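Below is the file structure.txt, which contains compact mmCIF, C-alpha atoms and all ligand atoms.
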```
# COMPACT_ATOMS: atom_id res chain seq x y z
CA MET A 1187 -42.92 -29.24 -38.91
CA SER A 1188 -46.14 -31.02 -39.90
CA ASP A 1189 -49.45 -29.83 -38.47
CA VAL A 1190 -49.95 -33.06 -36.60
CA ARG A 1191 -46.61 -32.74 -34.81
CA GLU A 1192 -47.39 -29.17 -33.90
CA VAL A 1193 -50.78 -30.03 -32.46
CA PHE A 1194 -49.71 -33.24 -30.77
CA LYS A 1195 -46.39 -32.11 -29.27
CA ALA A 1196 -43.73 -34.76 -28.71
CA GLN A 1197 -43.77 -36.82 -25.54
CA ALA A 1198 -41.74 -39.84 -24.51
CA LEU A 1199 -43.05 -43.14 -25.81
CA PRO A 1200 -43.08 -45.67 -22.95
CA SER A 1201 -40.43 -48.31 -23.52
CA TRP A 1202 -41.66 -51.48 -25.19
CA LYS A 1203 -40.42 -54.86 -26.39
CA ARG A 1204 -43.55 -56.41 -27.87
CA ALA A 1205 -46.38 -54.39 -29.36
CA VAL A 1206 -49.62 -54.93 -31.15
CA LEU A 1207 -49.89 -52.47 -34.04
CA LYS A 1208 -53.43 -51.91 -35.29
CA VAL A 1209 -53.86 -50.36 -38.72
CA GLY A 1210 -57.35 -49.27 -39.76
CA SER A 1211 -59.09 -49.25 -43.14
CA SER A 1212 -58.92 -45.47 -43.20
CA LEU A 1213 -55.14 -45.79 -43.79
CA LEU A 1214 -55.14 -48.70 -46.18
CA ALA A 1215 -58.04 -47.65 -48.32
CA GLY A 1216 -57.95 -43.86 -48.25
CA SER A 1217 -60.85 -42.06 -49.80
CA ASP A 1218 -58.67 -40.49 -52.51
CA LYS A 1219 -58.33 -42.23 -55.84
CA LEU A 1220 -56.55 -45.45 -55.03
CA PRO A 1221 -53.20 -45.80 -56.73
CA SER A 1222 -53.06 -49.57 -56.45
CA GLU A 1223 -54.81 -52.37 -58.30
CA ASP A 1224 -55.52 -54.49 -55.26
CA GLY A 1225 -57.61 -51.80 -53.56
CA LEU A 1226 -55.02 -51.23 -50.84
CA ASP A 1227 -53.07 -48.03 -50.71
CA PRO A 1228 -49.35 -48.60 -50.10
CA ARG A 1229 -48.53 -44.92 -49.42
CA TYR A 1230 -49.01 -44.99 -45.66
CA ALA A 1231 -48.61 -48.73 -45.28
CA ALA A 1232 -45.08 -48.55 -46.70
CA VAL A 1233 -44.03 -46.19 -43.90
CA LEU A 1234 -45.65 -48.45 -41.30
CA ALA A 1235 -43.91 -51.44 -42.90
CA ARG A 1236 -40.58 -49.65 -42.46
CA PHE A 1237 -41.48 -49.02 -38.83
CA ILE A 1238 -42.11 -52.75 -38.38
CA ILE A 1239 -38.81 -53.65 -40.04
CA GLU A 1240 -36.83 -51.14 -37.99
CA SER A 1241 -38.50 -52.12 -34.74
CA ARG A 1242 -37.59 -55.74 -35.36
CA ALA A 1243 -34.02 -54.71 -36.13
CA GLN A 1244 -34.01 -53.07 -32.67
CA GLY A 1245 -34.92 -56.45 -31.17
CA ARG A 1246 -38.63 -55.72 -30.70
CA GLU A 1247 -41.59 -57.86 -31.72
CA ILE A 1248 -44.75 -56.76 -33.48
CA VAL A 1249 -48.10 -58.40 -34.02
CA LEU A 1250 -49.99 -56.56 -36.72
CA VAL A 1251 -53.77 -56.24 -36.52
CA SER A 1252 -54.81 -55.05 -39.93
CA SER A 1253 -58.16 -54.07 -41.35
CA GLY A 1254 -58.59 -53.63 -45.09
CA ALA A 1255 -59.97 -57.00 -46.23
CA VAL A 1256 -63.35 -55.50 -47.16
CA ALA A 1257 -61.67 -52.75 -49.18
CA ALA A 1258 -59.43 -55.26 -50.96
CA GLY A 1259 -62.40 -57.54 -51.66
CA ARG A 1260 -64.38 -54.70 -53.14
CA ARG A 1261 -61.73 -54.31 -55.82
CA ARG A 1262 -62.13 -57.94 -56.88
CA ILE A 1263 -65.83 -58.14 -57.65
CA GLU A 1264 -68.70 -55.81 -58.39
CA SER A 1265 -70.73 -55.52 -55.22
CA THR A 1266 -73.43 -52.94 -55.14
CA ASN A 1267 -75.06 -53.87 -51.86
CA SER A 1268 -73.09 -53.14 -48.72
CA GLY A 1269 -75.08 -54.92 -46.04
CA PRO A 1270 -73.39 -57.11 -43.42
CA ILE A 1271 -73.49 -60.29 -45.52
CA GLN A 1272 -71.98 -58.53 -48.52
CA ARG A 1273 -69.25 -57.09 -46.31
CA GLN A 1274 -68.55 -60.52 -44.87
CA ALA A 1275 -68.19 -61.92 -48.38
CA LEU A 1276 -65.98 -59.00 -49.40
CA ALA A 1277 -63.77 -59.57 -46.38
CA ALA A 1278 -63.34 -63.23 -47.38
CA LEU A 1279 -62.51 -62.17 -50.93
CA GLY A 1280 -59.96 -59.59 -49.83
CA GLN A 1281 -58.23 -61.28 -46.91
CA ALA A 1282 -55.56 -63.12 -48.92
CA THR A 1283 -54.78 -59.91 -50.82
CA LEU A 1284 -54.38 -58.08 -47.53
CA VAL A 1285 -51.86 -60.56 -46.12
CA THR A 1286 -49.91 -60.68 -49.40
CA PHE A 1287 -49.87 -56.87 -49.45
CA TRP A 1288 -48.17 -56.68 -46.04
CA GLN A 1289 -45.78 -59.47 -46.87
CA ARG A 1290 -44.70 -57.65 -50.01
CA LEU A 1291 -44.18 -54.39 -48.14
CA THR A 1292 -42.29 -55.82 -45.17
CA GLY A 1293 -40.47 -58.74 -46.78
CA ILE A 1294 -41.25 -60.69 -43.59
CA PRO A 1295 -42.99 -64.09 -43.76
CA ALA A 1296 -46.58 -63.14 -43.02
CA ALA A 1297 -48.90 -65.42 -41.06
CA GLN A 1298 -52.66 -64.99 -41.33
CA VAL A 1299 -54.50 -65.18 -38.02
CA LEU A 1300 -58.28 -64.76 -38.02
CA LEU A 1301 -59.91 -64.36 -34.63
CA SER A 1302 -63.38 -63.67 -33.35
CA HIS A 1303 -64.43 -62.28 -29.99
CA ASP A 1304 -65.81 -65.73 -29.11
CA ASP A 1305 -62.30 -67.14 -29.42
CA MET A 1306 -61.23 -64.82 -26.63
CA LEU A 1307 -64.03 -65.93 -24.33
CA ASN A 1308 -63.39 -69.63 -24.74
CA ARG A 1309 -60.38 -70.44 -22.57
CA ARG A 1310 -59.27 -73.40 -24.67
CA ARG A 1311 -59.32 -71.47 -27.93
CA TYR A 1312 -57.75 -68.50 -26.19
CA LEU A 1313 -54.86 -70.66 -25.08
CA ASN A 1314 -54.45 -72.25 -28.50
CA ALA A 1315 -54.34 -68.82 -30.14
CA ARG A 1316 -51.84 -67.68 -27.53
CA ASN A 1317 -49.54 -70.63 -28.19
CA THR A 1318 -49.74 -70.17 -31.96
CA LEU A 1319 -49.00 -66.45 -31.76
CA ARG A 1320 -46.10 -67.04 -29.37
CA GLU A 1321 -44.66 -69.61 -31.75
CA LEU A 1322 -45.07 -67.29 -34.74
CA LEU A 1323 -43.13 -64.60 -32.90
CA ARG A 1324 -40.48 -67.10 -31.84
CA VAL A 1325 -39.84 -68.14 -35.44
CA GLY A 1326 -39.66 -64.53 -36.60
CA ALA A 1327 -42.90 -64.42 -38.61
CA LEU A 1328 -45.15 -61.39 -38.81
CA PRO A 1329 -48.55 -62.42 -37.44
CA ILE A 1330 -51.27 -60.47 -39.21
CA VAL A 1331 -54.50 -60.62 -37.28
CA ASN A 1332 -57.91 -59.65 -38.59
CA GLU A 1333 -61.34 -60.31 -37.23
CA ASN A 1334 -62.75 -63.54 -38.64
CA ASP A 1335 -65.47 -61.65 -40.47
CA THR A 1336 -67.04 -64.81 -41.92
CA VAL A 1337 -68.28 -65.84 -38.50
CA ALA A 1338 -68.20 -62.58 -36.58
CA ILE A 1339 -71.22 -60.42 -36.62
CA ASP A 1340 -72.26 -58.38 -33.69
CA LYS A 1341 -75.45 -56.39 -33.55
CA LEU A 1342 -75.32 -56.05 -37.32
CA ARG A 1343 -72.13 -54.08 -37.13
CA LEU A 1344 -69.37 -55.96 -38.78
CA GLY A 1345 -65.87 -55.80 -37.50
CA ASP A 1346 -64.11 -54.01 -34.77
CA ASN A 1347 -60.41 -54.48 -35.00
CA ASP A 1348 -59.67 -51.89 -32.31
CA ASN A 1349 -61.15 -54.20 -29.68
CA ILE A 1350 -59.55 -57.22 -31.35
CA GLY A 1351 -56.26 -55.32 -31.02
CA ALA A 1352 -56.75 -54.92 -27.27
CA ALA A 1353 -57.65 -58.58 -26.86
CA VAL A 1354 -54.60 -59.65 -28.86
CA ALA A 1355 -52.37 -57.35 -26.79
CA SER A 1356 -53.42 -59.25 -23.65
CA LEU A 1357 -53.24 -62.56 -25.45
CA VAL A 1358 -49.58 -62.13 -26.40
CA ASP A 1359 -48.57 -60.25 -23.23
CA ALA A 1360 -47.71 -57.18 -25.29
CA ASP A 1361 -46.36 -54.15 -23.47
CA MET A 1362 -47.94 -51.65 -25.87
CA LEU A 1363 -51.02 -51.29 -28.05
CA MET A 1364 -50.35 -48.96 -30.98
CA ILE A 1365 -53.32 -47.75 -32.97
CA ALA A 1366 -52.49 -46.03 -36.25
CA THR A 1367 -55.37 -44.05 -37.68
CA ASP A 1368 -56.14 -41.14 -40.00
CA ILE A 1369 -56.17 -38.41 -37.35
CA GLY A 1370 -53.44 -37.02 -35.05
CA GLY A 1371 -54.94 -38.51 -31.91
CA LEU A 1372 -57.88 -37.97 -29.61
CA TYR A 1373 -59.48 -34.53 -29.36
CA THR A 1374 -61.85 -33.19 -26.73
CA ALA A 1375 -64.58 -33.34 -29.41
CA HIS A 1376 -64.84 -34.49 -33.01
CA PRO A 1377 -62.68 -31.84 -34.73
CA LYS A 1378 -64.77 -31.99 -37.89
CA TYR A 1379 -67.82 -30.64 -36.06
CA GLU A 1380 -66.07 -28.71 -33.29
CA PRO A 1381 -63.24 -26.50 -34.60
CA ALA A 1382 -62.29 -25.48 -31.05
CA ALA A 1383 -61.62 -29.10 -30.07
CA GLN A 1384 -58.33 -29.52 -28.23
CA PRO A 1385 -55.84 -32.37 -28.58
CA ILE A 1386 -55.57 -34.77 -25.62
CA LEU A 1387 -51.95 -35.82 -25.23
CA LYS A 1388 -52.32 -38.04 -22.20
CA LEU A 1389 -55.22 -39.83 -20.58
CA ASP A 1390 -54.90 -41.51 -17.21
CA ARG A 1391 -58.53 -42.54 -17.02
CA ILE A 1392 -61.16 -43.09 -19.64
CA THR A 1393 -64.14 -41.44 -18.06
CA ASP A 1394 -67.71 -41.27 -19.36
CA GLU A 1395 -66.98 -37.68 -20.32
CA VAL A 1396 -64.07 -38.74 -22.52
CA LEU A 1397 -66.20 -41.45 -24.10
CA ALA A 1398 -68.93 -38.94 -24.83
CA ALA A 1399 -66.40 -36.67 -26.58
CA ALA A 1400 -65.39 -39.47 -28.89
CA SER A 1401 -68.66 -39.73 -30.76
CA GLY A 1402 -69.15 -42.99 -32.60
CA ASP A 1403 -68.94 -41.16 -35.91
CA PRO A 1404 -66.22 -42.95 -37.84
CA GLY A 1405 -64.41 -41.65 -40.87
CA GLU A 1406 -65.64 -42.61 -44.31
CA LEU A 1407 -64.09 -46.04 -44.31
CA GLY A 1408 -63.52 -46.82 -40.65
CA THR A 1409 -66.05 -48.74 -38.62
CA GLY A 1410 -65.84 -47.56 -35.05
CA GLY A 1411 -64.39 -44.06 -34.96
CA MET A 1412 -62.64 -42.99 -31.76
CA LEU A 1413 -65.14 -44.72 -29.54
CA THR A 1414 -63.93 -48.24 -30.32
CA LYS A 1415 -60.33 -47.02 -29.98
CA LEU A 1416 -61.09 -45.78 -26.49
CA GLU A 1417 -62.92 -48.98 -25.58
CA ALA A 1418 -59.83 -50.84 -26.74
CA ALA A 1419 -57.51 -48.53 -24.81
CA SER A 1420 -59.63 -49.01 -21.72
CA LYS A 1421 -59.39 -52.80 -21.97
CA ALA A 1422 -55.66 -52.62 -22.56
CA SER A 1423 -55.29 -50.25 -19.61
CA ARG A 1424 -57.08 -52.72 -17.32
CA ALA A 1425 -54.69 -55.41 -18.52
CA GLY A 1426 -51.76 -53.15 -17.63
CA ILE A 1427 -50.92 -52.19 -21.21
CA PRO A 1428 -50.48 -48.58 -22.42
CA THR A 1429 -52.14 -47.56 -25.69
CA VAL A 1430 -50.90 -44.96 -28.14
CA LEU A 1431 -53.12 -43.41 -30.81
CA PHE A 1432 -51.29 -41.67 -33.63
CA CYS A 1433 -51.60 -40.55 -37.21
CA GLY A 1434 -50.46 -43.26 -39.59
CA ARG A 1435 -50.62 -40.83 -42.49
CA ASP A 1436 -47.71 -38.77 -41.26
CA ALA A 1437 -44.34 -40.30 -42.05
CA ASP A 1438 -42.58 -38.04 -39.54
CA VAL A 1439 -44.91 -39.13 -36.76
CA ILE A 1440 -44.08 -42.75 -37.49
CA ARG A 1441 -40.36 -42.09 -37.77
CA ALA A 1442 -40.48 -40.32 -34.40
CA LEU A 1443 -41.98 -43.48 -32.87
CA THR A 1444 -38.92 -45.45 -33.95
CA ASP A 1445 -36.85 -42.92 -32.00
CA GLY A 1446 -39.05 -43.23 -28.92
CA ARG A 1447 -41.06 -40.02 -29.38
CA LEU A 1448 -44.83 -39.99 -29.55
CA HIS A 1449 -46.91 -37.36 -31.35
CA GLY A 1450 -50.39 -38.54 -30.47
CA THR A 1451 -52.44 -39.62 -27.46
CA LEU A 1452 -51.05 -41.84 -24.73
CA VAL A 1453 -53.49 -43.79 -22.56
CA THR A 1454 -51.63 -44.93 -19.47
CA PRO A 1455 -52.31 -48.35 -17.90
CA GLU A 1456 -54.23 -48.75 -14.65
CA SER A 1457 -51.69 -51.17 -13.24
CA ASP A 1458 -48.65 -53.10 -14.41
CA PRO A 1459 -49.38 -56.12 -16.63
CA LEU A 1460 -48.15 -58.65 -14.13
CA THR A 1461 -50.45 -57.31 -11.46
CA ALA A 1462 -53.37 -57.28 -13.87
CA ARG A 1463 -52.77 -60.86 -14.96
CA LYS A 1464 -52.14 -62.06 -11.43
CA GLN A 1465 -55.31 -60.38 -10.29
CA TRP A 1466 -57.28 -62.17 -12.97
CA LEU A 1467 -55.75 -65.58 -12.26
CA ARG A 1468 -56.21 -65.10 -8.53
CA HIS A 1469 -59.91 -64.45 -8.82
CA ALA A 1470 -61.03 -66.53 -11.80
CA PRO A 1471 -63.10 -69.56 -10.71
CA SER A 1472 -61.02 -72.71 -10.47
CA CYS A 1473 -62.18 -75.94 -12.10
CA GLY A 1474 -59.95 -78.48 -10.38
CA SER A 1475 -56.61 -78.99 -8.74
CA LEU A 1476 -53.22 -80.55 -9.30
CA VAL A 1477 -51.67 -82.13 -6.23
CA VAL A 1478 -47.88 -81.80 -6.44
CA ASP A 1479 -44.88 -83.30 -4.62
CA SER A 1480 -42.43 -81.26 -2.59
CA GLY A 1481 -39.89 -81.02 -5.44
CA ALA A 1482 -42.49 -79.48 -7.73
CA SER A 1483 -43.85 -77.15 -5.08
CA ASN A 1484 -40.29 -75.95 -4.41
CA ALA A 1485 -39.57 -75.44 -8.11
CA VAL A 1486 -42.75 -73.47 -8.59
CA GLN A 1487 -42.55 -71.44 -5.39
CA ARG A 1488 -38.83 -70.78 -5.06
CA ARG A 1489 -37.54 -70.91 -8.61
CA GLY A 1490 -40.52 -69.51 -10.49
CA ALA A 1491 -40.46 -72.60 -12.72
CA SER A 1492 -43.25 -73.99 -14.89
CA LEU A 1493 -45.05 -76.99 -13.44
CA LEU A 1494 -44.00 -80.22 -15.17
CA PRO A 1495 -46.08 -83.43 -15.22
CA GLY A 1496 -43.39 -85.35 -13.30
CA GLY A 1497 -44.12 -83.37 -10.14
CA VAL A 1498 -47.89 -83.90 -10.24
CA VAL A 1499 -49.10 -86.81 -8.11
CA ARG A 1500 -52.87 -86.47 -8.53
CA VAL A 1501 -55.45 -84.61 -10.57
CA ASP A 1502 -58.71 -83.64 -8.87
CA GLY A 1503 -61.82 -82.44 -10.66
CA GLU A 1504 -62.81 -82.24 -14.29
CA PHE A 1505 -61.45 -79.42 -16.39
CA ARG A 1506 -60.53 -78.57 -19.93
CA ARG A 1507 -57.34 -77.28 -21.40
CA GLY A 1508 -57.16 -73.56 -20.65
CA ASP A 1509 -59.24 -73.71 -17.46
CA VAL A 1510 -57.93 -72.28 -14.23
CA VAL A 1511 -56.73 -74.91 -11.74
CA GLU A 1512 -55.22 -74.77 -8.29
CA VAL A 1513 -51.85 -76.22 -7.37
CA VAL A 1514 -51.94 -77.97 -3.99
CA GLY A 1515 -48.99 -79.42 -2.03
CA GLU A 1516 -49.41 -83.13 -1.23
CA SER A 1517 -48.07 -82.79 2.29
CA ARG A 1518 -50.03 -79.68 3.17
CA HIS A 1519 -53.58 -79.48 4.28
CA GLY A 1520 -54.02 -75.86 3.64
CA PRO A 1521 -54.74 -73.33 0.98
CA ALA A 1522 -53.50 -73.81 -2.56
CA LEU A 1523 -49.91 -72.80 -3.34
CA ALA A 1524 -50.64 -71.39 -6.76
CA ARG A 1525 -53.20 -71.11 -9.54
CA GLY A 1526 -52.71 -71.30 -13.25
CA LEU A 1527 -54.03 -72.24 -16.66
CA ALA A 1528 -54.02 -75.95 -17.38
CA GLN A 1529 -52.15 -76.81 -20.58
CA TYR A 1530 -53.97 -80.16 -20.71
CA GLY A 1531 -57.52 -81.19 -19.88
CA SER A 1532 -58.04 -83.36 -16.76
CA ALA A 1533 -58.40 -86.64 -18.68
CA ASP A 1534 -55.10 -86.13 -20.54
CA MET A 1535 -53.46 -84.78 -17.41
CA ARG A 1536 -54.29 -88.00 -15.49
CA ARG A 1537 -52.46 -90.00 -18.14
CA ILE A 1538 -49.25 -88.01 -17.88
CA VAL A 1539 -48.91 -87.46 -14.13
CA ARG A 1540 -45.57 -88.68 -12.80
CA ARG A 1541 -44.26 -88.93 -16.38
CA HIS A 1542 -41.22 -87.17 -17.75
CA SER A 1543 -42.10 -84.30 -20.11
CA ASN A 1544 -40.47 -86.03 -23.06
CA GLU A 1545 -42.94 -88.91 -22.68
CA ILE A 1546 -46.01 -86.69 -23.18
CA GLU A 1547 -46.15 -87.16 -26.92
CA SER A 1548 -45.79 -90.93 -26.80
CA VAL A 1549 -48.45 -91.28 -24.09
CA LEU A 1550 -51.02 -88.87 -25.54
CA GLY A 1551 -50.10 -88.99 -29.20
CA PHE A 1552 -49.68 -85.19 -29.18
CA SER A 1553 -48.10 -82.50 -27.04
CA PHE A 1554 -48.97 -78.93 -26.09
CA GLY A 1555 -45.50 -78.45 -24.62
CA GLU A 1556 -43.46 -79.81 -21.75
CA SER A 1557 -45.28 -78.09 -18.89
CA VAL A 1558 -48.73 -78.73 -17.48
CA ILE A 1559 -48.85 -75.09 -16.32
CA HIS A 1560 -46.53 -72.64 -18.03
CA ARG A 1561 -44.83 -70.22 -15.63
CA ASP A 1562 -46.30 -67.22 -17.51
CA ASP A 1563 -49.74 -68.61 -16.70
CA LEU A 1564 -49.03 -69.25 -13.03
CA VAL A 1565 -49.62 -67.06 -10.00
CA LEU A 1566 -48.28 -67.92 -6.54
CA LEU A 1567 -50.73 -67.58 -3.70
CA ASN A 1568 -48.18 -67.24 -0.94
CA PRO A 1569 -48.76 -63.66 0.18
CA GLU A 1570 -45.04 -62.93 0.58
CA GLU A 1571 -44.28 -64.18 -2.93
CA ASN A 1572 -47.06 -62.14 -4.46
CA ALA A 1573 -46.53 -58.95 -2.59
N1 LIG B 1 -62.97 -36.88 -30.29
C1 LIG B 1 -62.43 -37.33 -31.45
N2 LIG B 1 -61.12 -37.13 -31.69
C2 LIG B 1 -60.57 -37.58 -32.84
N3 LIG B 1 -61.25 -38.23 -33.83
C3 LIG B 1 -62.57 -38.47 -33.65
C4 LIG B 1 -63.23 -38.02 -32.45
N4 LIG B 1 -64.52 -38.42 -32.52
C5 LIG B 1 -64.67 -39.09 -33.71
N5 LIG B 1 -63.50 -39.11 -34.43
C6 LIG B 1 -63.37 -39.75 -35.76
O1 LIG B 1 -62.74 -41.03 -35.67
C7 LIG B 1 -62.01 -41.26 -36.88
C8 LIG B 1 -61.05 -42.44 -36.73
O2 LIG B 1 -61.79 -43.63 -36.63
P1 LIG B 1 -61.99 -44.65 -37.89
O3 LIG B 1 -62.41 -43.86 -39.08
O4 LIG B 1 -62.85 -45.77 -37.42
O5 LIG B 1 -60.50 -45.10 -38.16
P2 LIG B 1 -59.80 -46.49 -38.48
O6 LIG B 1 -60.22 -46.92 -39.83
O7 LIG B 1 -58.35 -46.09 -38.39
O8 LIG B 1 -60.19 -47.47 -37.40
C9 LIG B 1 -61.38 -39.92 -37.12
O9 LIG B 1 -60.93 -39.74 -38.45
C10 LIG B 1 -62.51 -38.96 -36.76
O10 LIG B 1 -63.30 -38.68 -37.88
N1 LIG B 2 -62.30 -56.73 -40.65
C1 LIG B 2 -62.62 -55.59 -41.50
C2 LIG B 2 -62.42 -54.26 -40.82
C3 LIG B 2 -63.01 -54.03 -39.51
C4 LIG B 2 -62.52 -52.75 -38.79
O1 LIG B 2 -62.42 -52.74 -37.57
O2 LIG B 2 -62.17 -51.67 -39.56
P1 LIG B 2 -61.45 -50.33 -38.99
O3 LIG B 2 -62.40 -49.57 -38.11
O4 LIG B 2 -61.05 -49.59 -40.20
O5 LIG B 2 -60.23 -50.79 -38.23
C5 LIG B 2 -61.72 -55.58 -42.74
O6 LIG B 2 -60.65 -56.21 -42.75
O7 LIG B 2 -62.07 -54.88 -43.69
```

Give the structure from the file, written as structure tokens.
Ligand SMILES: Nc1ncnc2c1ncn2[C@@H]1O[C@H](COP(=O)(O)OP(=O)(O)O)[C@@H](O)[C@H]1O
Ligand SMILES: N[C@@H](CCC(=O)OP(=O)(O)O)C(=O)O
Amino acid sequence: MSDVREVFKAQALPSWKRAVLKVGSSLLAGSDKLPSEDGLDPRYAAVLARFIIESRAQGREIVLVSSGAVAAGRRRIESTNSGPIQRQALAALGQATLVTFWQRLTGIPAAQVLLSHDDMLNRRRYLNARNTLRELLRVGALPIVNENDTVAIDKLRLGDNDNIGAAVASLVDADMLMIATDIGGLYTAHPKYEPAAQPILKLDRITDEVLAAASGDPGELGTGGMLTKLEAASKASRAGIPTVLFCGRDADVIRALTDGRLHGTLVTPESDPLTARKQWLRHAPSCGSLVVDSGASNAVQRRGASLLPGGVVRVDGEFRRGDVVEVVGESRHGPALARGLAQYGSADMRRIVRRHSNEIESVLGFSFGESVIHRDDLVLLNPEENA
């Protein structure tokens, strides 16, 4: 048995249907002599590609968050300086290579998705990214996300795909965040400097003590070390998503994952995803309201349906696509029935109220889908329904 599997003894991998798999530079551009011309090392990636293929054959979905653009770019031009601007340029030079690399290894149509942290904070862009990623999964593509390094620069440290991974996991309603790295999992201290460091198989809470143990010291090629992985796990946990950290250099560890066994660190979620999302929607500030007829309020409350424009009688307030709005019954003078994310801004919404969904495109000249609030983005406020 490999060392990693001996140190990180097997435990059950929580069941999952849709995961975000984050692969770091340390795996794709190992410090050994690189065997490939494009600067990306297929040795470990090939095993991860097989994992992706087999998971999909089991009916699961994967969004890949892959680093490695800087390493691939470095192979294309001579760049002596490695400041932030040079790294940004290298990332731009290497990004196409990175996507082609994964496509070649998996044989799955690869879709490049570049995101920045700002995209996650802007509700409209967040929703657009969410719709695109959902559609990519629906058509069977392999979305490959990387930070949009051209525009993203934070405190002079470029790139943090661990945190992007956590954000994407929430974005696509994933039920697992998988972080493949070059070490077996999390230890009580950096094992390079502390030989007595012990493996941590399961973490129910990411305390300050745990964060302190994961010093920011990254490997030779990584950017954030364990600290950014724990930050990511903590965000995922708050969104109700478990995180697993495992060694992507060990083929047996990856094969075990396919069979539902984890050799690595499991960070358990604080609550279930639905609760986390409902909590957020319940408390986010609302920007307006949609007044609905009794048919629509019934459909939403009793059948858990999406809200369609035909059931909306009036739009109050000014809001943009992606903002939180309240759903209010026309016959009731009381609290809102539900809250959700508006699929259309208030101006567009006013033009399609009372219309059939198949008229949206002809009225607006475009369509973001048949509903004005998708049921996945809707939380009922009736206490019995939300219990
Ligand atoms: N407590 C810890 N347990 C495990 N690894 C740690 C710890 N503290 C720091 N590290 C370092 O974090 C590295 C992984 O992070 P990083 O190099 O950024 O990987 P990646 O490129 O996969 O994102 C490990 O190889 C190790 O050197
Ligand atoms: N966006 C950069 C990598 C950023 C990053 O987070 O790297 P890593 O810590 O290796 O996951 C790239 O593609 O090279």

Extending 8 Å beyond the listed atoms of segment 1240-1251 of chain A on each side, what axis-aligned box results? I want centre and edge lengths in Å to one decimal, as JSON.
```
{"center_x": -43.9, "center_y": -54.8, "center_z": -34.3, "size_x": 35.8, "size_y": 23.3, "size_z": 23.3}
```

query = Which chains and residue numbers are within 9 Å of ligand LIG 1 (chain B), counting all atoms listed in the file, if I want them as a VMD selection string?
reply = chain A and resid 1208 to 1215 1253 to 1254 1346 to 1348 1365 to 1378 1383 to 1386 1396 to 1415 1433 to 1434

task = Show which residues sit within 6 Å of Pro1329 of chain A, as a PyMOL selection string. Count only C-alpha atoms, and ignore same-chain residues fewer than 2 positions away.
result = chain A and resi 1249+1296-1297

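Comparing the minimum interatomic distances between Pro1270 of chain A and each of A:Ile1538, A:Val1337, A:Ser1356, A:Ser1241, counting all atoms listed in the file, we find that A:Val1337 sits nearest.
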
Ref. answer, residues at most 12 Å from (-41.9, -66.7, -33.2) with only C-alpha atoms, as an MDAnalysis selection string = chainID A and resid 1204 1242 1246:1249 1295:1297 1316:1329 1358

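The smallest atom-to-atom distance between Gly1426 of chain A and any of A:Ala1360, A:Cys1473, A:Ala1382, A:Val1478, using only C-alpha atoms, is found for A:Ala1360.
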
key: Non-local contacts of segment 1560-1562 of chain A (9 Å; all atoms listed in the file; under 6 positions in same chain excluded) as a PyMOL selection string   = chain A and resi 1486+1490-1494+1526-1529

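Across A:Arg1310, A:Glu1380, A:Arg1391, A:Asp1305, the tightest approach to Arg1507 of chain A is made by A:Arg1310 when counting all atoms listed in the file.
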
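Shortest atom-to-atom contact with ligand LIG 2 (chain B) among A:Val1354, A:Leu1276, A:Val1190, A:Ala1255: A:Ala1255, counting only C-alpha atoms and all ligand atoms.
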
Show which residues sit within 12 Å of Val1285 of chain A, as a PDB file with C-alpha atoms, in the frame of the given file. Count all atoms listed in the file, and ignore same-chain residues fewer than 4 positions away.
```pdb
ATOM      1  CA  ASP A1224     -55.520 -54.490 -55.260  1.00  0.00           C
ATOM      2  CA  LEU A1226     -55.020 -51.230 -50.840  1.00  0.00           C
ATOM      3  CA  LEU A1250     -49.990 -56.560 -36.720  1.00  0.00           C
ATOM      4  CA  VAL A1251     -53.770 -56.240 -36.520  1.00  0.00           C
ATOM      5  CA  SER A1252     -54.810 -55.050 -39.930  1.00  0.00           C
ATOM      6  CA  SER A1253     -58.160 -54.070 -41.350  1.00  0.00           C
ATOM      7  CA  GLY A1254     -58.590 -53.630 -45.090  1.00  0.00           C
ATOM      8  CA  ALA A1255     -59.970 -57.000 -46.230  1.00  0.00           C
ATOM      9  CA  ALA A1258     -59.430 -55.260 -50.960  1.00  0.00           C
ATOM     10  CA  ALA A1277     -63.770 -59.570 -46.380  1.00  0.00           C
ATOM     11  CA  ALA A1278     -63.340 -63.230 -47.380  1.00  0.00           C
ATOM     12  CA  LEU A1279     -62.510 -62.170 -50.930  1.00  0.00           C
ATOM     13  CA  GLY A1280     -59.960 -59.590 -49.830  1.00  0.00           C
ATOM     14  CA  GLN A1281     -58.230 -61.280 -46.910  1.00  0.00           C
ATOM     15  CA  GLN A1289     -45.780 -59.470 -46.870  1.00  0.00           C
ATOM     16  CA  ARG A1290     -44.700 -57.650 -50.010  1.00  0.00           C
ATOM     17  CA  LEU A1291     -44.180 -54.390 -48.140  1.00  0.00           C
ATOM     18  CA  THR A1292     -42.290 -55.820 -45.170  1.00  0.00           C
ATOM     19  CA  GLY A1293     -40.470 -58.740 -46.780  1.00  0.00           C
ATOM     20  CA  ILE A1294     -41.250 -60.690 -43.590  1.00  0.00           C
ATOM     21  CA  PRO A1295     -42.990 -64.090 -43.760  1.00  0.00           C
ATOM     22  CA  ALA A1296     -46.580 -63.140 -43.020  1.00  0.00           C
ATOM     23  CA  ALA A1297     -48.900 -65.420 -41.060  1.00  0.00           C
ATOM     24  CA  GLN A1298     -52.660 -64.990 -41.330  1.00  0.00           C
ATOM     25  CA  VAL A1299     -54.500 -65.180 -38.020  1.00  0.00           C
ATOM     26  CA  LEU A1300     -58.280 -64.760 -38.020  1.00  0.00           C
ATOM     27  CA  LEU A1328     -45.150 -61.390 -38.810  1.00  0.00           C
ATOM     28  CA  PRO A1329     -48.550 -62.420 -37.440  1.00  0.00           C
ATOM     29  CA  ILE A1330     -51.270 -60.470 -39.210  1.00  0.00           C
ATOM     30  CA  VAL A1331     -54.500 -60.620 -37.280  1.00  0.00           C
ATOM     31  CA  ASN A1332     -57.910 -59.650 -38.590  1.00  0.00           C
TER      32      ASN A1332
END
```
